[in-house]
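*Asks:* Pasting a structure here, questions to come.
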Protein chains: 4
Amino acid sequence: MLARGGAAQAVSDRAWLDGMLAFEAGLARAQARAGVISEAEAEAVVAACGRDYDPAEIGADAGAIGNPAGPLVKALQAGTDAPVHRGATSQDVVDTAAMLVARAALSAIREDLGGAADAAARLAAEHRDTPAIGRTLLQQAVPTTFGLKAAGWMTGLDEARAGLGRVRLSVQLGGAAGTLAGNGLEVLAALAQELGLEEPVLPWHTLRGRIGELAGALGVAAGAVAKPARAIGLLAQNEVAEVREAAGGGSTAMAHKHNPVAAICALGCARQAPGLVATLLAAMTQEHERAAGAWHSEWRPLCDLLVTAGSAAAWLRVSLEGLQVDAERMRANLGDSDLDVGEAPRLADRALEARP
Amino acid sequence: MLARGGAAQAVSDRAWLDGMLAFEAGLARAQARAGVISEAEAEAVVAACGRDYDPAEIGADAGAIGNPAGPLVKALQAGTDAPVHRGATSQDVVDTAAMLVARAALSAIREDLGGAADAAARLAAEHRDTPAIGRTLLQQAVPTTFGLKAAGWMTGLDEARAGLGRVRLSVQLGGAAGTLAGNGLEVLAALAQELGLEEPVLPWHTLRGRIGELAGALGVAAGAVAKPARAIGLLAQNEVAEVREAAGGGSTAMAHKHNPVAAICALGCARQAPGLVATLLAAMTQEHERAAGAWHSEWRPLCDLLVTAGSAAAWLRVSLEGLQVDAERMRANLGDSDLDVGEAPRLADRALEARP
Amino acid sequence: MLARGGAAQAVSDRAWLDGMLAFEAGLARAQARAGVISEAEAEAVVAACGRDYDPAEIGADAGAIGNPAGPLVKALQAGTDAPVHRGATSQDVVDTAAMLVARAALSAIREDLGGAADAAARLAAEHRDTPAIGRTLLQQAVPTTFGLKAAGWMTGLDEARAGLGRVRLSVQLGGAAGTLAGNGLEVLAALAQELGLEEPVLPWHTLRGRIGELAGALGVAAGAVAKPARAIGLLAQNEVAEVREAAGGGSTAMAHKHNPVAAICALGCARQAPGLVATLLAAMTQEHERAAGAWHSEWRPLCDLLVTAGSAAAWLRVSLEGLQVDAERMRANLGDSDLDVGEAPRLADRALEARP
Amino acid sequence: MLARGGAAQAVSDRAWLDGMLAFEAGLARAQARAGVISEAEAEAVVAACGRDYDPAEIGADAGAIGNPAGPLVKALQAGTDAPVHRGATSQDVVDTAAMLVARAALSAIREDLGGAADAAARLAAEHRDTPAIGRTLLQQAVPTTFGLKAAGWMTGLDEARAGLGRVRLSVQLGGAAGTLAGNGLEVLAALAQELGLEEPVLPWHTLRGRIGELAGALGVAAGAVAKPARAIGLLAQNEVAEVREAAGGGSTAMAHKHNPVAAICALGCARQAPGLVATLLAAMTQEHERAAGAWHSEWRPLCDLLVTAGSAAAWLRVSLEGLQVDAERMRANLGDSDLDVGEAPRLADRALEARP
C-alpha cells in the first residue's frame with residue numbers, strides 16, 4: 001500500500017545483489033578489454049557472477065566489515081581462481097549498484113508519472129471549457145475551468161518526469177583511494193560502456209552531487225504528485241463533490257463512505273519524501289576518500305525515497321485514470337458567479353501543445 | 001547492518017499484526033467487562049485472534065481500503081459469529097498496534113542505550129584521572145581527562161534513555177468519529193488496562209502529540225549516540241590513535257586497516273533520524289476526525305525511526321563495550337601542555353553519582 | 001506577519017547581546033561569591049556590562065573569530081581593569097545567552113498557546129452539545145459535537161504548552177575545554193543561581209540534548225497549532241461554512257472574499273518548524289570539546305524555530321479568540337444523519353476538567 | 001558571520017520591496033504594449049513605482065490581508081489615478097518578486113562558488129603531483145595526491161554552480177484564479193520580456209516545481225561546499241597538519257590556537273540547508289488556485305536558504321583562496337607507504353580540462 005508501482009521491486013535486496021554482481025562481471029569484462037586481465041579470467045569471473053547467491057546470507061556478514069561488498073567478493077572468489085574485484089573497493093561496487101538500482105526504479109517511476117500526466121491531459125482536453133470555481137486560500141474566488149486545473153497537474157507531472165530524466169547515472173570506479181590505481185582510465189571508460197552508465201570525469205566516491213540531484217528530483221516529483229492528490233481529496237469532499245474516484249473505498253465502520261483512497265495513499269506516500277531528501281543532502285558532507293557514516297546513511301533513505309515517490313506516482317495514476325468529473329456540480333458550485341474564465345481554455349491548449 | 005538490535009524485529013510485519021490482534025482481543029475482553037458483549041462472545045473473539053494469519057495476505061488487501069485493519073477484521077469475522085471490532089474503527093486498531101510495537105521497540109532501544117551508557121560509565125571511572133588534550137573546533141586546546149569525555153557520553157545517553165521513558169504510550173479507541181459511540185468510557189478504561197497502555201483523556205486519532213513527542217525523543221536519542229560515535233571515529237584516526245575498537249574491521253582492498261566499524265555504523269544509523277523526525281512532526285497537521293494522507297505518512301517513518309535509532313544504539317554499545325583506550329598516547333598527544341585538568345575528575349565523579 | 005507574538009523580539013540581536021552581558025555580569029558576581037575575584041572587581045565588571053553596546057558593531061567583528069563573544073569581551077575589557085570573562089570561553093557566553101533568549105521566547109510562546117487553549121476551551125464548553133458531522137479522510141462520516149472538536153484542539157495545545165514547560169534551561173560554564181579550570185564547581189552553582197537557570201551536572205558544550213529536547217518540544221507545539229489551524233481553514237470553506245474568523249481578510253483582487261487569514265498565517269508559520277527541528281537534531285553530532293560547524297549551525301535555526309512556533313501560536317490565538325461558529329449550518333450539514341454523538345459531550349467535559 | 005557574501009543583501013526587505021515595485025512597473029509597461037492600458041497610464045504607474053516606500057510600513061500592514069502585496073498596491077494607488085496592479089493578484093507580485101530576489105542572490109552565490117572552484121583549481125594544478133595519504137573511514141588507506149583531492153572539490157563546486165544556472169526563473173502572472181482574465185497571454189509574454197524572466201507555459205501559482213528545483217539545487221550547492229569545508233577542518237587538525245588557513249582565528253580563551261574559522265563557518269552555514277530544502281519541498285502541496293498556508297511557508301525558508309548557501313560559498317572561498325598546503329607534512333604522513341598514486345595526476349588534469 002505504501003509501495004505501489006515498480007520501484008519497490010527495483011530496490012529489493014535481490015535487485016541490489018544483482019546490481020553488485022553486474023558491477024563485478026562488468027569490471028572483469030572491462031579489464032579484459034583493457035588488457036588488465038585475460039579473456040579467460042574475465043569469463044571465469046562472469047560465470048561466477050552468474051551463480052545464485054542469497055541476499056540474506058550476504059547481508060548477514062555485512063556488519064563485520066561495514067558494507068555488503070566484502071562478503072559478496074569473498075563468495076565470488078570462493079568460486080573461481082580468476083581475479084575478482086581487482087583494483088576495486090567496496091564503495092565502487094555499492095555505488096555502482098545503487099546507480100543500477102536507481103535506473104530501474106526511475107524507469108518505473110517515470111512510467112507512472114507519465115501515465116498520471118496522460119490521464120491529466122485527457123481530463124484537460126475533455127474539460128477544456130468546463131467552468132469551475134477557482135478557490136484561493138480555500139475560499140471561492142473567481143471562475144476558471146476544470147481543464148486548466150487538470151492541465152496544471154499534467155504540467156507539474158511532466159516537468160517532474162523530465163527532471164528525473166536529467167539525473168546523472170554514472171558508474172563509480174576508483175579503487176581504495178579513488179586513484180584508479182591498478183585499473184586506469186581505460187577500464188573506467190569500458191566499465192561505463194558495459195553497464196550503460198555515464199562515465200564520470202572523476203570517481204565520485206565522496207563527491208555526492210549525483211545523489212543530491214537525484215534526491216532533489218525525487219522530492220520535486222513527490223511534490224508534483226502531492227498537488228493533484230490534495231486537490232482530488234478536497235474536490236471529493238461531500239460538500240464540494242466535483243470529482244469522485246472510480247474505485248473509492250469504504251471503511252471498516254461506515255460502508256456508505258466513498259473515500260478517495262488512491263489520492264489519499266498518493267499523498268501519504270508523497271509526504272514522506274522531503275525528510276528523506278534532507279537526509280541525503282546532509283549526507284553530502286563526506287570525509288576524505290570515503291565517509292565514516294555519511295555514506296552508510298544514504299542507502300536506506302535512497303531506497304525509501306525511490307519507493308515512496310514511485311508509490312505516490314502509481315497511486316496518483318490510479319486516481320486520475322479513474323477520476324469521475326461532475327461538470328454539473330461544478331456549474332452549481334459556481335453559483336451566480338459571472339463566467340469569465342479568462343484565458344483558461346487557451347492556457348490548457350498551450351500546456352497540452354507544450355508536452356514533451 | 002542498518003538494523004542491529006531488537007527494534008527491527010519489534011517493528012516487523014508480524015509484530016504489527018500481533019499488535020492489531022492484541023487490540024481486537026483486548027477490545028472484546030474490555031467490552032465483556034463493561035457488559036457491552038457477553039463473556040462467551042469475548043472468548044470467541046479472543047480465540048479467533050489466537051489463530052494464525054499471514055501478514056503478507058493481510059497487507060495485500062490493505063490497498064483497497066487504505067489501511068491494513070479492514071482485511072484483518074474481515075479475516076477475523078470469517079472465523080466467528082461473535083462481534084469483532086465492535087464500535088471500533090481502523091485507526092483505533094492501527095494506532096493502538098503502533099503503540100504496542102513502539103513499546104517493544106523502545107524497550108530494546110533503552111536496553112542498548114543503557115548498555116552503552118554503562119560501558120561509558122566504566123570508561124569514565126577507569127580513566128577518571130587520565131589526562132587527554134581537549135580539542136575545540138578540531139584544534140588542540142587545553143587538557144581535560146578521558147574520564148570526563150566518557151562521562152559526557154554517558155550522561156547524554158542516560159538523558160536520552162530517560163527521555164524515551166517519559167513518552168506516553170496510550171491506547172487509542174474512539175470509533176468512527178472519535179466519540180466512543182457504541183463503546184463508552186468504561187470500555188476505553190478497561191482496554192487500557194487489558195493492554196497495559198495509558199488511558200488518554202481523549203481519543204487521539206488526530207491529536208498526534210504522542211507521535212511527535214516519541215519522534216522528538218528518538219531524534220534526541222540518535223543525537224546522543226552520534227556524539228560518542230563521532231568522537232570515537234576521530235580519536236581512532238591513525239594520526240590521533242587514542243582509542244581503538246576491539247573488533248574493528250578490515251576492508252576489501254586493504255587488509256591492514258583497522259576501521260572503527262561499529263562507531264561508523266552507529267553514526268550511519270543515527271544520521272538518518274532527523275529527517276524522519278521532521279516527517280513525523282509535519283504529519284501532525286491532521287484533518288478533522290481522520291487525516292487524508294498525513295496519518296498514512298506516519299507508519300513507515302515511525303518504523304524506520306525506531307529501527308535506525310535502535311540500530312545506532314546497538315552499534316554504539318558494541319563500540320563502547322570493546323573500546324581500547326591508549327592512555328600513553330593520550331599523554332603523548334598532550335605534548336608540553338601543562339596538566340591542569342581543572343575539575344575534570346570531580347565532574348566525572350559527579351556525573352557518575354547522578355546516574356539514574 | 002511571520003513573526004507575530006513576543007518570540008521575535010525575544011530573539012532579536014539586542015536580546016542576544018543582553019543575554020551575553022547578563023552572563024558576563026552574572027559570572028563576575030558568582031566569582032565574587034566564590035572568592036575567585038574580589039567584590040570590587042565584580043562591581044566593575046557588572047558596571048561595564050551595564051553600558052550600551054551596539055549589536056551591529058559586535059556582530060561585524062564576529063567573523064574574525066567565528067562567534068560574537070570575542071568582540072564583546074574585548075569591548076567589555078576595554079572599559080575596566082577588572083577581569084572580564086575569567087576562565088570562561090566563547091561558547092559559555094553564547095550557550096548561556098541562548099538559554100536566556102529561549103526562556104524569554106518560551107514565556108511568550110506559552111502565553112499564546114495558553115490563550116489559544118483558553119479560547120478553544122470556551123468553544124468546547126459553549127458547544128458541548130452542538131452536533132456536527134465528523135469527517136474522516138475528508139469525507140462525511142458520523143456525528144460528533146463541535147465541542148469535542150474544540151476540546152481536542154485545547155488538549156493538544158495544553159499538552160504542547162506543558163511540554164515546553166519541561167524543557168531544561170541550564171547555565172553553561174566550562175571554560176576552554178569544559179573542565180571548569182579556573183572557576184570550579186562553586187562558581188557554576190552560583191552562576192546558575194544568579195541567572196535563575198538550572199545547574200547542569202556537567203557542562204553541556206557538546207552534549208546537546210537540551211537543544212534537541214527544546215527543538216522537539218517546539219516542533220510538537222507547532223504541530224499542535226497546525227491541527228486546529230488546518231481545521232478552521234477547512235471548516236471555513238464556503239461549501240462547508242461552519243466557522244468564520246471574526247476579522248477575516250479580503251484580497252487585492254476580490255473584495256468580497258472572507259479569508260481566514262489568522263488560521264492561514266498560523267499554518268504558514270507552523271509548517272516551517274519540522275525542517276528546523278531536523279537541523280537542530282542533526283547538529284547534536286558535535287566534535288570533542290567544541291564542534292567545528294555543528295554548533296554554529298544551531299543559532300539561526302533555533303531563533304527561527306522560536307519565532308515561527310511563537311508566531312503560529314499567536315496567530316492561532318487570534319483566530320480562535322474571534323471564531324464565529326454557525327451551529328445551524330453544522331446542523332444542516334449533518335443532513336439526515338442520526339444524531340448519536342456517543343460520549344462526545346462527556347469527553348469534552350473530561351478534557352475540560354483535566355486541564356492543568 | 002552566518003550571512004557572508006552577496007545573498008543576504010539580495011534577500012533584504014528592501015530587495016523584496018524593489019522586486020514588487022519592478023513587477024508593478026513592468027506590468028504597467030507590458031499592459032501598455034498590449035494595449036490594455038494607455039502609455040500615459042503606464043508612465044504614471046511607473047512613476048509611482050519609482051517613489052520611495054518604507055519596507056517596514058508595508059510589512060506592518062501585511063498581517064491584515066496575509067501578504068505584503070495588498071498594502072503596497074494601496075500605497076501605489078494612493079499616488080496615481082492610473083490603474084495599478086490591474087488584473088493581477090497578490091501572489092503574482094510576491095512570486096515574481098521572489099524570482100527577482102532569487103536571481104540576484106543566485107548571481108552572488110554563483111560568483112562565490114566560482115571563486116571557490118577557481119581557488120581549488122589552482123590548488124589542483126599546483127599540487128598535481130603532491131603525494132598525500134588517502135583516508136577512508138577516517139583511517140589511512142593508500143596514497144593519492146593533494147591535487148586530486150582539490151580537483152574533486154573543484155568539480156563538486158563547478159557542478160553545483162552549473163545546477164544553479166539551470167534553475168528556471170519565471171515571471172508569475174495569472175490574476176485572481178490564474179486564468180489571466182483581464183490581461184491575456186500577450187501581457188504575460190511582454191511582462192516576461194520587461195523583467196528578463198522566463199515566460200512560463202502556465203501561471204505557476206500552485207505549481208511549485210520551480211521552487212522545489214531551486215531548493216534542491218541550493219541544497220546540492222551547500223553539500224558541495226560542505227565537502228571541502230569538512231576536509232579542511234580535518235586536514236588542519238594539529239595531529240594531521242597538512243593544511244592551514246591563512247587567516248585562521250584565535251579564541252577568547254586560547255590565543256595560541258589557529259582555528260580554520262572560514263571552513264568552520266562554511267560548514268556551519270551549509271548544515272542549515274537540508275532542513276530548509278525539506279520545508280520548501282513539503283510546501284509543494286498547494287491547494288486549488290492558491291494555497292492556504294503552504295505558500296506562506298515558503299518565504300522565510302527560501303530567503304534563509306539563499307543566505308545560508310551563499311554564506312557557505314563565500315566562507316569557503318575565503319578558506320580556499322588563502323589555504324596553505326604543507327607538502328612536506330603530507331609526505332611525512334605517508335610514512336612508509338609506497339607512492340603509487342595511480343591515475344591521480346591524470347585525473348586531476350582531466351577534471352581541470354573539463355571545467356565549464
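The way I read the labels, and the way they are meant: chains A, B, ... in the order of the C-alpha cells, residue 1 as the first residue of every chain, and ligand 1 as the first ligand shown, with later ones counted on from there.
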Up to 7 Å from chain A, what residues of chain B turn up? Count only C-alpha atoms and give them as a PyMOL selection string.

*Replies:* chain B and resi 1+62-66+70+89-90+176+249-253+261+264-265+267-269+271-272+275-276+278-279+292-294+296-297

*Asks:* Please produce an output containing C-alpha atoms for each residue in the selection, written as an mmCIF file, in the first residue's frame.

*Replies:*
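Wrote it out as again.cif, contents follow:
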data_model
loop_
_atom_site.group_PDB
_atom_site.id
_atom_site.type_symbol
_atom_site.label_atom_id
_atom_site.label_comp_id
_atom_site.auth_asym_id
_atom_site.auth_seq_id
_atom_site.Cartn_x
_atom_site.Cartn_y
_atom_site.Cartn_z
ATOM 1 C CA MET B 1 23.844 -3.798 9.435
ATOM 2 C CA ALA B 62 -4.856 -3.206 2.535
ATOM 3 C CA GLY B 63 -4.682 -1.116 -0.618
ATOM 4 C CA ALA B 64 -8.384 -1.411 -1.385
ATOM 5 C CA ILE B 65 -9.472 0.342 1.781
ATOM 6 C CA GLY B 66 -6.328 2.256 2.513
ATOM 7 C CA GLY B 70 -10.040 -3.788 7.136
ATOM 8 C CA THR B 89 -12.529 1.919 13.504
ATOM 9 C CA SER B 90 -9.432 1.095 11.502
ATOM 10 C CA ALA B 176 -15.768 6.155 13.534
ATOM 11 C CA GLY B 249 37.154 -4.375 10.524
ATOM 12 C CA GLY B 250 39.478 -4.524 7.539
ATOM 13 C CA SER B 251 38.431 -3.645 4.021
ATOM 14 C CA THR B 252 38.023 -5.423 0.712
ATOM 15 C CA ALA B 253 41.045 -3.602 -0.646
ATOM 16 C CA VAL B 261 33.206 -0.206 12.037
ATOM 17 C CA ILE B 264 30.801 4.206 11.832
ATOM 18 C CA CYS B 265 27.635 2.111 11.606
ATOM 19 C CA LEU B 267 26.793 7.196 13.050
ATOM 20 C CA GLY B 268 25.435 5.983 9.727
ATOM 21 C CA CYS B 269 22.241 4.927 11.500
ATOM 22 C CA ARG B 271 22.242 10.383 10.769
ATOM 23 C CA GLN B 272 19.012 9.030 9.323
ATOM 24 C CA GLY B 275 14.729 13.719 8.521
ATOM 25 C CA LEU B 276 12.356 11.060 9.824
ATOM 26 C CA ALA B 278 10.682 16.074 10.529
ATOM 27 C CA THR B 279 8.321 13.851 8.553
ATOM 28 C CA ALA B 292 -6.374 12.060 4.480
ATOM 29 C CA GLY B 293 -2.712 11.244 3.952
ATOM 30 C CA ALA B 294 -0.872 12.603 6.982
ATOM 31 C CA HIS B 296 -0.711 7.225 6.373
ATOM 32 C CA SER B 297 2.565 9.062 6.127
#

*Asks:* Mind listing the strand (DSSP E or B) residues of region 184-256 of chain D, per DSSP on the backbone, as a PyMOL selection string?

*Replies:* chain D and resi 198+243-245+249

*Asks:* Take CA of Ala344 (chain C) and CA of Arg128 (chain C) and report the distance between them in Å, one decimal.

*Replies:*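 Taking CA of Ala344 (chain C) and CA of Arg128 (chain C), their separation equals 7.9 Å.
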
*Asks:* Using only C-alpha atoms, which residues sit within 8 Å of Thr179 (chain C) once same-chain residues fewer than 3 positions away are excluded, as a PyMOL selection string?

*Replies:* (chain B and resi 144+341-344+347) or (chain C and resi 174-176+203)

*Asks:* Identify which of the residues A:Glu287, A:Leu21, A:Leu214, A:Pro83 lies closest to Thr136 (chain D), counting only C-alpha atoms when measuring atom-to-atom distances.

*Replies:*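 Using only C-alpha atoms, Thr136 (chain D) sits closest to A:Glu287.
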
*Asks:* Find the spatial neighbours of Ala121 (chain B), counting only C-alpha atoms, within a cut-off of 7 Å - ignore same-chain residues fewer than 4 positions away - and output them as a list in words.

*Replies:*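 So, after excluding close chain neighbours, the residues are Ala117, Ala125, Ala150, Ala151, Met154 and Leu352 of chain B.
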
*Asks:* Please determine, counting only C-alpha atoms, which residue among D:Ala22, D:Asn238, D:Val46, D:Ala309 has the shortest atom-to-atom distance to Gln77 (chain D).

*Replies:*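 Nearest to Gln77 (chain D): D:Val46.
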
*Asks:* Compile the contact shell of Val325 (chain C) as a short mmCIF file (atom, residue, chain, number, x, y, z; two decimals) with N, CA and C atoms, in the first residue's frame: residues with an atom at most 12 Å away, counting only C-alpha atoms, same-chain residues fewer than 3 positions apart removed.

*Replies:*
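Below is the file around_19.cif, written as the result:
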data_model
loop_
_atom_site.label_atom_id
_atom_site.label_comp_id
_atom_site.auth_asym_id
_atom_site.auth_seq_id
_atom_site.Cartn_x
_atom_site.Cartn_y
_atom_site.Cartn_z
N ALA C 120 -10.12 27.87 22.91
CA ALA C 120 -10.68 26.58 22.50
C ALA C 120 -11.53 25.99 23.61
N ARG C 122 -13.27 27.66 25.79
CA ARG C 122 -14.57 28.34 25.79
C ARG C 122 -15.48 27.78 24.70
N LEU C 123 -14.90 27.52 23.53
CA LEU C 123 -15.69 26.92 22.45
C LEU C 123 -16.17 25.52 22.84
N ALA C 124 -15.31 24.78 23.50
CA ALA C 124 -15.67 23.41 23.90
C ALA C 124 -16.84 23.43 24.88
N GLU C 126 -19.02 25.99 25.39
CA GLU C 126 -20.20 26.60 24.78
C GLU C 126 -20.90 25.64 23.83
N HIS C 127 -20.12 24.84 23.13
CA HIS C 127 -20.69 23.94 22.12
C HIS C 127 -20.62 22.49 22.56
N THR C 130 -23.38 20.84 20.76
CA THR C 130 -23.67 21.22 19.37
C THR C 130 -23.29 20.10 18.43
N PRO C 131 -24.24 19.43 17.82
CA PRO C 131 -23.87 18.32 16.94
C PRO C 131 -23.24 18.84 15.65
N ALA C 132 -22.33 18.07 15.14
CA ALA C 132 -21.63 18.42 13.90
C ALA C 132 -21.21 17.11 13.25
N PHE C 146 -19.27 19.81 17.98
CA PHE C 146 -18.23 20.81 17.79
C PHE C 146 -17.45 20.98 19.09
N GLY C 147 -18.14 20.78 20.21
CA GLY C 147 -17.45 20.88 21.50
C GLY C 147 -16.30 19.89 21.62
N ALA C 150 -13.37 21.10 19.49
CA ALA C 150 -12.66 22.20 20.15
C ALA C 150 -11.89 21.70 21.38
N ILE C 232 -9.76 24.91 10.91
CA ILE C 232 -10.51 26.15 10.71
C ILE C 232 -10.56 26.50 9.23
N LEU C 235 -13.12 24.10 7.73
CA LEU C 235 -14.49 24.37 8.16
C LEU C 235 -15.00 25.71 7.63
N ALA C 236 -14.08 26.59 7.28
CA ALA C 236 -14.48 27.91 6.77
C ALA C 236 -14.70 27.91 5.26
N VAL C 240 -18.66 24.52 3.17
CA VAL C 240 -18.85 23.92 4.50
C VAL C 240 -19.44 24.97 5.44
N ALA C 241 -18.72 26.10 5.57
CA ALA C 241 -19.26 27.31 6.20
C ALA C 241 -19.70 27.10 7.65
N GLU C 242 -19.00 26.29 8.39
CA GLU C 242 -19.39 26.04 9.77
C GLU C 242 -18.72 27.01 10.74
N VAL C 243 -17.58 27.57 10.34
CA VAL C 243 -16.94 28.60 11.18
C VAL C 243 -16.50 29.75 10.28
N ARG C 244 -16.17 30.85 10.92
CA ARG C 244 -15.77 32.06 10.21
C ARG C 244 -14.91 32.87 11.17
N GLU C 245 -13.79 33.39 10.65
CA GLU C 245 -12.95 34.23 11.50
C GLU C 245 -13.58 35.61 11.63
N ALA C 246 -13.53 36.17 12.84
CA ALA C 246 -14.14 37.48 13.07
C ALA C 246 -13.55 38.52 12.13
N SER C 319 -7.14 33.73 15.79
CA SER C 319 -8.19 33.02 15.06
C SER C 319 -9.24 32.45 16.01
N LEU C 320 -8.78 31.78 17.06
CA LEU C 320 -9.71 31.11 17.97
C LEU C 320 -10.48 32.10 18.82
N GLU C 321 -9.80 33.18 19.24
CA GLU C 321 -10.49 34.13 20.11
C GLU C 321 -11.64 34.82 19.39
N GLY C 322 -11.55 34.89 18.07
CA GLY C 322 -12.64 35.55 17.34
C GLY C 322 -13.47 34.59 16.51
N GLU C 328 -26.20 26.33 13.31
CA GLU C 328 -27.27 25.93 12.40
C GLU C 328 -26.74 25.28 11.14
N ARG C 329 -25.68 25.87 10.63
CA ARG C 329 -25.08 25.27 9.44
C ARG C 329 -24.53 23.88 9.78
N MET C 330 -23.94 23.75 10.95
CA MET C 330 -23.47 22.43 11.36
C MET C 330 -24.62 21.43 11.35
N ARG C 331 -25.75 21.87 11.88
CA ARG C 331 -26.93 21.00 11.91
C ARG C 331 -27.37 20.65 10.49
#

*Asks:* Can you measure CA of Gln31 (chain B) to CA of Leu173 (chain B) for me? One decimal in Å is fine.

*Replies:* 12.0 Å

*Asks:* Nearest to Ser311 (chain D): which of D:Ala15, D:Leu106, D:Gln193, D:Ala30 is it, counting only C-alpha atoms?

*Replies:*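 Closest to Ser311 (chain D), using only C-alpha atoms: D:Leu106.
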
*Asks:* Could you give me, as a PyMOL selection string, each residue of region 144-252 of chain A that DSSP assigns to helix (DSSP H, G or I) when run on this structure's backbone?

*Replies:* chain A and resi 146-165+185-195+209-235

*Asks:* Near Gln172 (chain C), within 7 Å and counting only C-alpha atoms, which residues show up once chain neighbours fewer than 3 positions away are dropped, as number ranges by chain?

*Replies:* C: 92, 95-96, 203-204

*Asks:* Do you have the CA of Thr155 (chain B)-CA of Ala192 (chain C) distance handy?

*Replies:*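 About the pair CA of Thr155 (chain B) and CA of Ala192 (chain C): they are 19.3 Å apart.
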